[in-house]
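Asker: Contents are compact mmCIF, C-alpha atoms and all ligand atoms; file name start_5.txt:
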# COMPACT_ATOMS: atom_id res chain seq x y z
CA MET A 1 -88.50 156.28 7.00
CA SER A 2 -91.94 156.72 5.44
CA ASP A 3 -94.99 156.35 7.71
CA LYS A 4 -96.85 154.82 4.80
CA PRO A 5 -97.40 151.08 5.36
CA SER A 6 -95.76 148.96 2.65
CA TYR A 7 -99.10 147.18 2.14
CA LEU A 8 -101.26 150.29 1.69
CA GLY A 9 -101.39 149.89 -2.09
CA LEU A 10 -102.49 146.29 -1.67
CA LEU A 11 -105.38 147.35 0.57
CA ASN A 12 -106.33 150.05 -1.95
CA ALA A 13 -106.28 147.62 -4.89
CA ILE A 14 -108.44 145.09 -3.03
CA ALA A 15 -110.94 147.77 -1.97
CA VAL A 16 -111.38 149.09 -5.50
CA ASN A 17 -111.50 145.68 -7.23
CA GLU A 18 -113.98 144.22 -4.78
CA ALA A 19 -116.30 147.23 -4.94
CA ARG A 20 -116.31 147.01 -8.74
CA ALA A 21 -117.11 143.30 -8.61
CA HIS A 22 -120.04 144.05 -6.29
CA GLN A 23 -121.37 146.50 -8.88
CA TYR A 24 -121.35 144.19 -11.87
CA LEU A 25 -122.61 141.22 -9.85
CA GLN A 26 -125.66 143.27 -8.85
CA VAL A 27 -126.41 143.95 -12.51
CA TRP A 28 -126.04 140.23 -13.29
CA ILE A 29 -128.34 139.28 -10.38
CA ASP A 30 -131.04 141.53 -11.80
CA LYS A 31 -130.67 139.83 -15.19
CA THR A 32 -130.42 136.11 -14.40
CA THR A 33 -133.55 133.99 -14.44
CA ASP A 34 -131.93 131.00 -12.72
CA PRO A 35 -132.69 130.99 -8.96
CA GLU A 36 -129.67 128.80 -8.17
CA VAL A 37 -127.29 131.08 -10.00
CA GLU A 38 -128.94 134.09 -8.37
CA ALA A 39 -128.42 132.60 -4.89
CA VAL A 40 -124.72 132.01 -5.51
CA LEU A 41 -124.24 135.46 -7.05
CA ARG A 42 -125.97 137.10 -4.07
CA THR A 43 -123.64 135.41 -1.59
CA VAL A 44 -120.62 136.42 -3.64
CA ALA A 45 -121.90 139.97 -4.26
CA TRP A 46 -122.42 140.64 -0.53
CA ARG A 47 -118.91 139.38 0.18
CA GLU A 48 -117.39 141.53 -2.54
CA GLY A 49 -119.28 144.61 -1.40
CA GLU A 50 -118.29 144.04 2.22
CA HIS A 51 -114.65 143.52 1.24
CA GLY A 52 -114.72 146.76 -0.75
CA MET A 53 -116.10 148.69 2.23
CA SER A 54 -113.91 146.99 4.85
CA PHE A 55 -110.69 147.61 2.97
CA ALA A 56 -111.64 151.21 2.20
CA LYS A 57 -112.41 151.60 5.91
CA ARG A 58 -109.04 150.11 6.86
CA VAL A 59 -107.20 152.47 4.49
CA ASN A 60 -109.02 155.34 6.19
CA GLU A 61 -108.23 154.02 9.68
CA LEU A 62 -104.55 153.94 8.75
CA GLY A 63 -104.78 157.67 8.00
CA PHE A 64 -105.04 157.59 4.23
CA GLU A 65 -107.78 157.89 1.64
CA LEU A 66 -108.81 155.53 -1.10
CA ARG A 67 -107.48 156.24 -4.58
CA ASP A 68 -110.02 155.28 -7.22
CA ARG A 69 -108.91 153.83 -10.54
CA ASP A 70 -110.41 154.18 -13.99
CA ASP A 71 -108.48 151.37 -15.68
CA LEU A 72 -110.55 148.35 -14.70
CA ASP A 73 -112.92 148.17 -17.69
CA LEU A 74 -115.93 148.57 -15.43
CA ALA A 75 -118.17 149.74 -18.29
CA ASP A 76 -117.38 146.57 -20.27
CA ARG A 77 -118.07 144.38 -17.27
CA LEU A 78 -121.36 146.08 -16.50
CA ALA A 79 -122.37 145.69 -20.15
CA VAL A 80 -121.59 141.96 -20.16
CA ALA A 81 -123.26 141.42 -16.77
CA GLY A 82 -126.47 143.02 -18.05
CA SER A 83 -126.32 141.41 -21.50
CA ASP A 84 -128.33 138.50 -22.90
CA ARG A 85 -125.35 136.15 -22.71
CA SER A 86 -126.08 132.96 -20.80
CA ASP A 87 -124.99 132.63 -17.17
CA LEU A 88 -122.45 130.05 -18.30
CA GLU A 89 -120.96 132.45 -20.84
CA LYS A 90 -120.82 135.21 -18.23
CA MET A 91 -119.01 132.93 -15.81
CA GLU A 92 -116.45 132.15 -18.50
CA TYR A 93 -116.14 135.84 -19.41
CA PHE A 94 -115.43 136.75 -15.77
CA GLY A 95 -113.10 133.76 -15.30
CA GLN A 96 -115.22 132.48 -12.43
CA ASP A 97 -114.79 128.82 -13.35
CA ARG A 98 -111.12 128.88 -12.37
CA LEU A 99 -110.73 131.63 -9.80
CA ASP A 100 -108.92 129.29 -7.42
CA GLU A 101 -106.13 128.93 -9.99
CA VAL A 102 -105.39 132.66 -10.04
CA LEU A 103 -105.96 133.23 -6.32
CA GLY A 104 -102.63 131.48 -5.73
CA ALA A 105 -101.12 134.97 -6.00
CA PHE A 106 -102.47 135.59 -2.48
CA ASP A 107 -100.09 132.96 -1.13
CA ASN A 108 -97.40 135.64 -0.85
CA ILE A 109 -99.37 138.30 1.03
CA PHE A 110 -97.99 137.35 4.43
CA LYS A 111 -94.40 137.42 3.25
CA ASP A 112 -94.67 141.08 4.28
CA HIS A 113 -93.87 140.76 7.99
CA THR A 114 -94.73 144.39 8.76
CA ILE A 115 -98.50 143.86 8.43
CA ASP A 116 -100.26 145.08 11.58
CA ILE A 117 -102.61 142.80 13.52
CA ARG A 118 -105.93 144.39 12.52
CA THR A 119 -104.98 144.46 8.85
CA GLY A 120 -103.65 140.90 9.11
CA GLU A 121 -106.97 139.71 10.51
CA LEU A 122 -108.83 141.44 7.73
CA LEU A 123 -106.55 140.02 5.03
CA GLY A 124 -106.75 136.52 6.47
CA ARG A 125 -110.54 136.50 6.46
CA TYR A 126 -110.60 138.09 3.03
CA VAL A 127 -108.33 135.44 1.47
CA ALA A 128 -110.29 132.59 3.09
CA GLU A 129 -113.57 134.03 1.79
CA GLU A 130 -112.16 134.50 -1.69
CA PHE A 131 -111.16 130.84 -1.84
CA ASP A 132 -114.60 129.81 -0.60
CA THR A 133 -116.13 132.06 -3.27
CA ALA A 134 -113.93 130.34 -5.86
CA ARG A 135 -115.27 126.94 -4.73
CA LEU A 136 -118.88 128.17 -4.83
CA LEU A 137 -118.52 129.63 -8.31
CA ARG A 138 -116.69 126.62 -9.72
CA CYS A 139 -119.41 124.31 -8.38
CA CYS A 140 -122.12 126.53 -9.92
CA TYR A 141 -120.21 126.64 -13.21
CA GLU A 142 -119.85 122.86 -13.36
CA GLN A 143 -123.57 122.39 -12.76
CA LEU A 144 -124.42 124.82 -15.56
CA LYS A 145 -121.91 123.14 -17.85
CA ALA A 146 -123.32 119.67 -17.10
CA ARG A 147 -126.83 120.95 -17.80
CA GLN A 148 -125.69 122.44 -21.11
CA ASP A 149 -123.86 119.27 -22.11
CA GLU A 150 -127.03 117.25 -21.54
CA LYS A 151 -128.88 119.28 -24.16
CA PRO A 152 -128.44 118.06 -27.75
CA SER A 153 -127.18 120.78 -30.05
CA PRO A 154 -129.58 121.89 -32.82
CA SER A 155 -127.30 120.30 -35.43
CA LYS A 156 -127.18 116.98 -33.59
CA ALA A 157 -130.91 117.03 -33.12
CA GLN A 158 -131.38 117.49 -36.85
CA GLY A 159 -128.86 114.77 -37.69
CA ARG A 160 -126.44 117.17 -39.38
CA PRO A 161 -122.65 117.24 -38.87
CA VAL A 162 -121.65 119.42 -35.93
CA ALA A 163 -118.05 120.18 -36.89
CA ALA A 164 -118.67 123.67 -38.27
CA ASP A 165 -120.92 124.74 -35.37
CA ALA A 166 -118.60 123.26 -32.79
CA THR A 167 -115.62 125.07 -34.29
CA SER A 168 -117.20 128.53 -34.17
CA GLY A 169 -118.67 127.89 -30.72
CA GLU A 170 -115.38 126.61 -29.39
CA LEU A 171 -113.52 129.56 -30.82
CA ALA A 172 -115.93 132.01 -29.17
CA ALA A 173 -115.60 130.17 -25.84
CA LEU A 174 -111.82 130.10 -26.17
CA ASN A 175 -111.81 133.80 -26.95
CA ASP A 176 -113.81 134.56 -23.82
CA LYS A 177 -111.52 132.38 -21.73
CA VAL A 178 -108.40 134.11 -23.01
CA ASP A 179 -110.01 137.52 -22.34
CA ALA A 180 -111.00 136.45 -18.83
CA LEU A 181 -107.55 135.07 -18.12
CA CYS A 182 -105.93 138.29 -19.31
CA ARG A 183 -108.21 140.31 -17.05
CA ALA A 184 -107.55 138.05 -14.08
CA VAL A 185 -103.79 138.23 -14.65
CA GLU A 186 -103.98 142.02 -14.99
CA GLU A 187 -105.99 142.35 -11.76
CA LEU A 188 -103.51 140.17 -9.92
CA ARG A 189 -100.60 142.07 -11.41
CA GLN A 190 -102.16 145.27 -10.12
CA ILE A 191 -102.61 143.76 -6.67
CA VAL A 192 -99.07 142.37 -6.57
CA CYS A 193 -97.61 145.65 -7.85
CA ALA A 194 -99.92 147.76 -5.71
CA GLN A 195 -97.47 148.08 -2.87
CA SER A 196 -95.40 150.54 -4.89
CA MET A 197 -98.48 152.66 -5.71
CA PRO A 198 -98.13 156.17 -4.23
CA THR A 199 -101.01 156.83 -1.85
CA LYS A 200 -101.90 160.34 -0.73
CA ALA A 201 -102.00 160.98 3.01
CA SER A 202 -105.30 162.41 4.20
FE FE B 1 -113.23 139.19 -4.80
Could I get this structure in the form of structure tokens?
Ligand SMILES: [Fe+2]

Answerer:
Amino acid sequence: MSDKPSYLGLLNAIAVNEARAHQYLQVWIDKTTDPEVEAVLRTVAWREGEHGMSFAKRVNELGFELRDRDDLDLADRLAVAGSDRSDLEKMEYFGQDRLDEVLGAFDNIFKDHTIDIRTGELLGRYVAEEFDTARLLRCCYEQLKARQDEKPSPSKAQGRPVAADATSGELAALNDKVDALCRAVEELRQIVCAQSMPTKAS
């Protein structure tokens, strides 16, 4: 029987994904001019960074080494995080307005009854923090959205029909949402499938 824990790939996937999120959130923090958004992003960024380090540390403690991945579109994410898009658009791009919907994939983590106590503690705290992060981000998103909805659009302000503007704007927003959903699904697929990922013993 292999000495490799069945959940090693899961730990590796979480470590890599969380560390990447910490990176692009830092870039976004440097760019935003909204102190409320900055405060939320800082809380989330510290959590993500700590998760990345803690899970990498746990992989090491179990006698293995982290396997990095180059398939997570980090360059694209860094570019969007540092772009002139609004905070609201960035939240939609990163799927942060509905993280709690996709985090349901974590409901099955503890179906693996071989998870050791230390790793179980770490996973339990991690999942609870991720759901809290989802609540924080959704709340921040809804505030930004409400603020945006209060502003009259340029067309409305000038008394012109808004149908054409609304259509292109809605299409762009829908496009971003579909992209974000695809990325979220892909990340979760990687996490769910991660247990079969071969991991090199140190
Ligand atoms: Fe996370």

Asker: Restricting the calculation to all atoms listed in the file, which member of A:Val27, A:Ala13, A:Leu144, A:Met91 is positioned closest to Asp68 in chain A?

Answerer: A:Ala13

Asker: Kindly assemble as a Markdown table a list of the chain A residues that lie within 6 Å of ligand FE 1 (chain B), each paired with its nearest atom pair and their distance in Å to one decimal, using all atoms listed in the file, sorted first by chain and then by ascending residue number.

Answerer:
| residue | atom | partner | partner_atom | distance |
| --- | --- | --- | --- | --- |
| A:Glu18 | CA | B:FE1 | FE | 5.1 |
| A:Glu48 | CA | B:FE1 | FE | 5.3 |
| A:Glu130 | CA | B:FE1 | FE | 5.7 |

Asker: Rounded to one decimal in Å, what is the spacing between CA of Lys111 in chain A and CA of Glu61 in chain A?

Answerer: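 Going from CA of Lys111 in chain A over to CA of Glu61 in chain A covers 22.5 Å.
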
Asker: Nearest residue to Tyr141 in chain A out of A:Leu88, A:Ala81, A:Ala105, A:Leu122, using all atoms listed in the file?

Answerer: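 Among the listed residues, A:Leu88 lies closest to Tyr141 in chain A.
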
Asker: Please provide the set of residues having any atom within 12 Å of Val16 in chain A, restricted to only C-alpha atoms, with same-chain residues fewer than 2 positions apart removed, written as a VMD selection string.

Answerer: chain A and resid 9 to 14 18 to 23 48 to 57 59 65 to 72 74 187 190 to 191 194

Asker: Mind pulling up the distance from CA of Lys4 in chain A to CA of Phe64 in chain A?

Answerer: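 Answer for the CA of Phe64 in chain A to CA of Lys4 in chain A separation: 8.7 Å.
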
Asker: Looking at A:Val44, A:Asn17, A:Asp87, A:Arg58, which one is nearest to Gln143 in chain A, with distances taken over all atoms listed in the file?

Answerer: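 That would be A:Asp87, the residue with the smallest distance to Gln143 in chain A.
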
Asker: Model the absent atoms of range 42-57 of chain A so that N, CA and C atoms are present, and write the result as a JSON list (two decimals), in the coordinates of the input.

Answerer:
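part_10.json, freshly written:
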[["chain", "number", "residue", "atom", "x", "y", "z"],
["A", 42, "ARG", "N", -125.65, 136.22, -5.21],
["A", 42, "ARG", "CA", -125.97, 137.10, -4.07],
["A", 42, "ARG", "C", -124.96, 136.93, -2.95],
["A", 43, "THR", "N", -124.64, 135.67, -2.64],
["A", 43, "THR", "CA", -123.64, 135.41, -1.59],
["A", 43, "THR", "C", -122.32, 136.07, -1.95],
["A", 44, "VAL", "N", -121.91, 135.87, -3.20],
["A", 44, "VAL", "CA", -120.62, 136.42, -3.64],
["A", 44, "VAL", "C", -120.68, 137.95, -3.66],
["A", 45, "ALA", "N", -121.79, 138.50, -4.14],
["A", 45, "ALA", "CA", -121.90, 139.97, -4.26],
["A", 45, "ALA", "C", -121.82, 140.63, -2.88],
["A", 46, "TRP", "N", -122.49, 140.06, -1.89],
["A", 46, "TRP", "CA", -122.42, 140.64, -0.53],
["A", 46, "TRP", "C", -120.99, 140.60, -0.01],
["A", 47, "ARG", "N", -120.31, 139.48, -0.27],
["A", 47, "ARG", "CA", -118.91, 139.38, 0.18],
["A", 47, "ARG", "C", -118.06, 140.45, -0.50],
["A", 48, "GLU", "N", -118.22, 140.57, -1.81],
["A", 48, "GLU", "CA", -117.39, 141.53, -2.54],
["A", 48, "GLU", "C", -117.65, 142.95, -2.05],
["A", 49, "GLY", "N", -118.93, 143.27, -1.86],
["A", 49, "GLY", "CA", -119.28, 144.61, -1.40],
["A", 49, "GLY", "C", -118.71, 144.88, -0.01],
["A", 50, "GLU", "N", -118.81, 143.87, 0.86],
["A", 50, "GLU", "CA", -118.29, 144.04, 2.22],
["A", 50, "GLU", "C", -116.77, 144.16, 2.20],
["A", 51, "HIS", "N", -116.11, 143.40, 1.34],
["A", 51, "HIS", "CA", -114.65, 143.52, 1.24],
["A", 51, "HIS", "C", -114.28, 144.93, 0.77],
["A", 52, "GLY", "N", -115.00, 145.41, -0.23],
["A", 52, "GLY", "CA", -114.72, 146.76, -0.75],
["A", 52, "GLY", "C", -114.81, 147.79, 0.36],
["A", 53, "MET", "N", -115.89, 147.71, 1.14],
["A", 53, "MET", "CA", -116.10, 148.69, 2.23],
["A", 53, "MET", "C", -115.07, 148.50, 3.35],
["A", 54, "SER", "N", -114.82, 147.25, 3.73],
["A", 54, "SER", "CA", -113.91, 146.99, 4.85],
["A", 54, "SER", "C", -112.48, 147.44, 4.55],
["A", 55, "PHE", "N", -112.06, 147.21, 3.31],
["A", 55, "PHE", "CA", -110.69, 147.61, 2.97],
["A", 55, "PHE", "C", -110.59, 149.12, 2.80],
["A", 56, "ALA", "N", -111.65, 149.75, 2.28],
["A", 56, "ALA", "CA", -111.64, 151.21, 2.20],
["A", 56, "ALA", "C", -111.62, 151.78, 3.63],
["A", 57, "LYS", "N", -112.38, 151.16, 4.51],
["A", 57, "LYS", "CA", -112.41, 151.60, 5.91],
["A", 57, "LYS", "C", -111.03, 151.46, 6.56]]
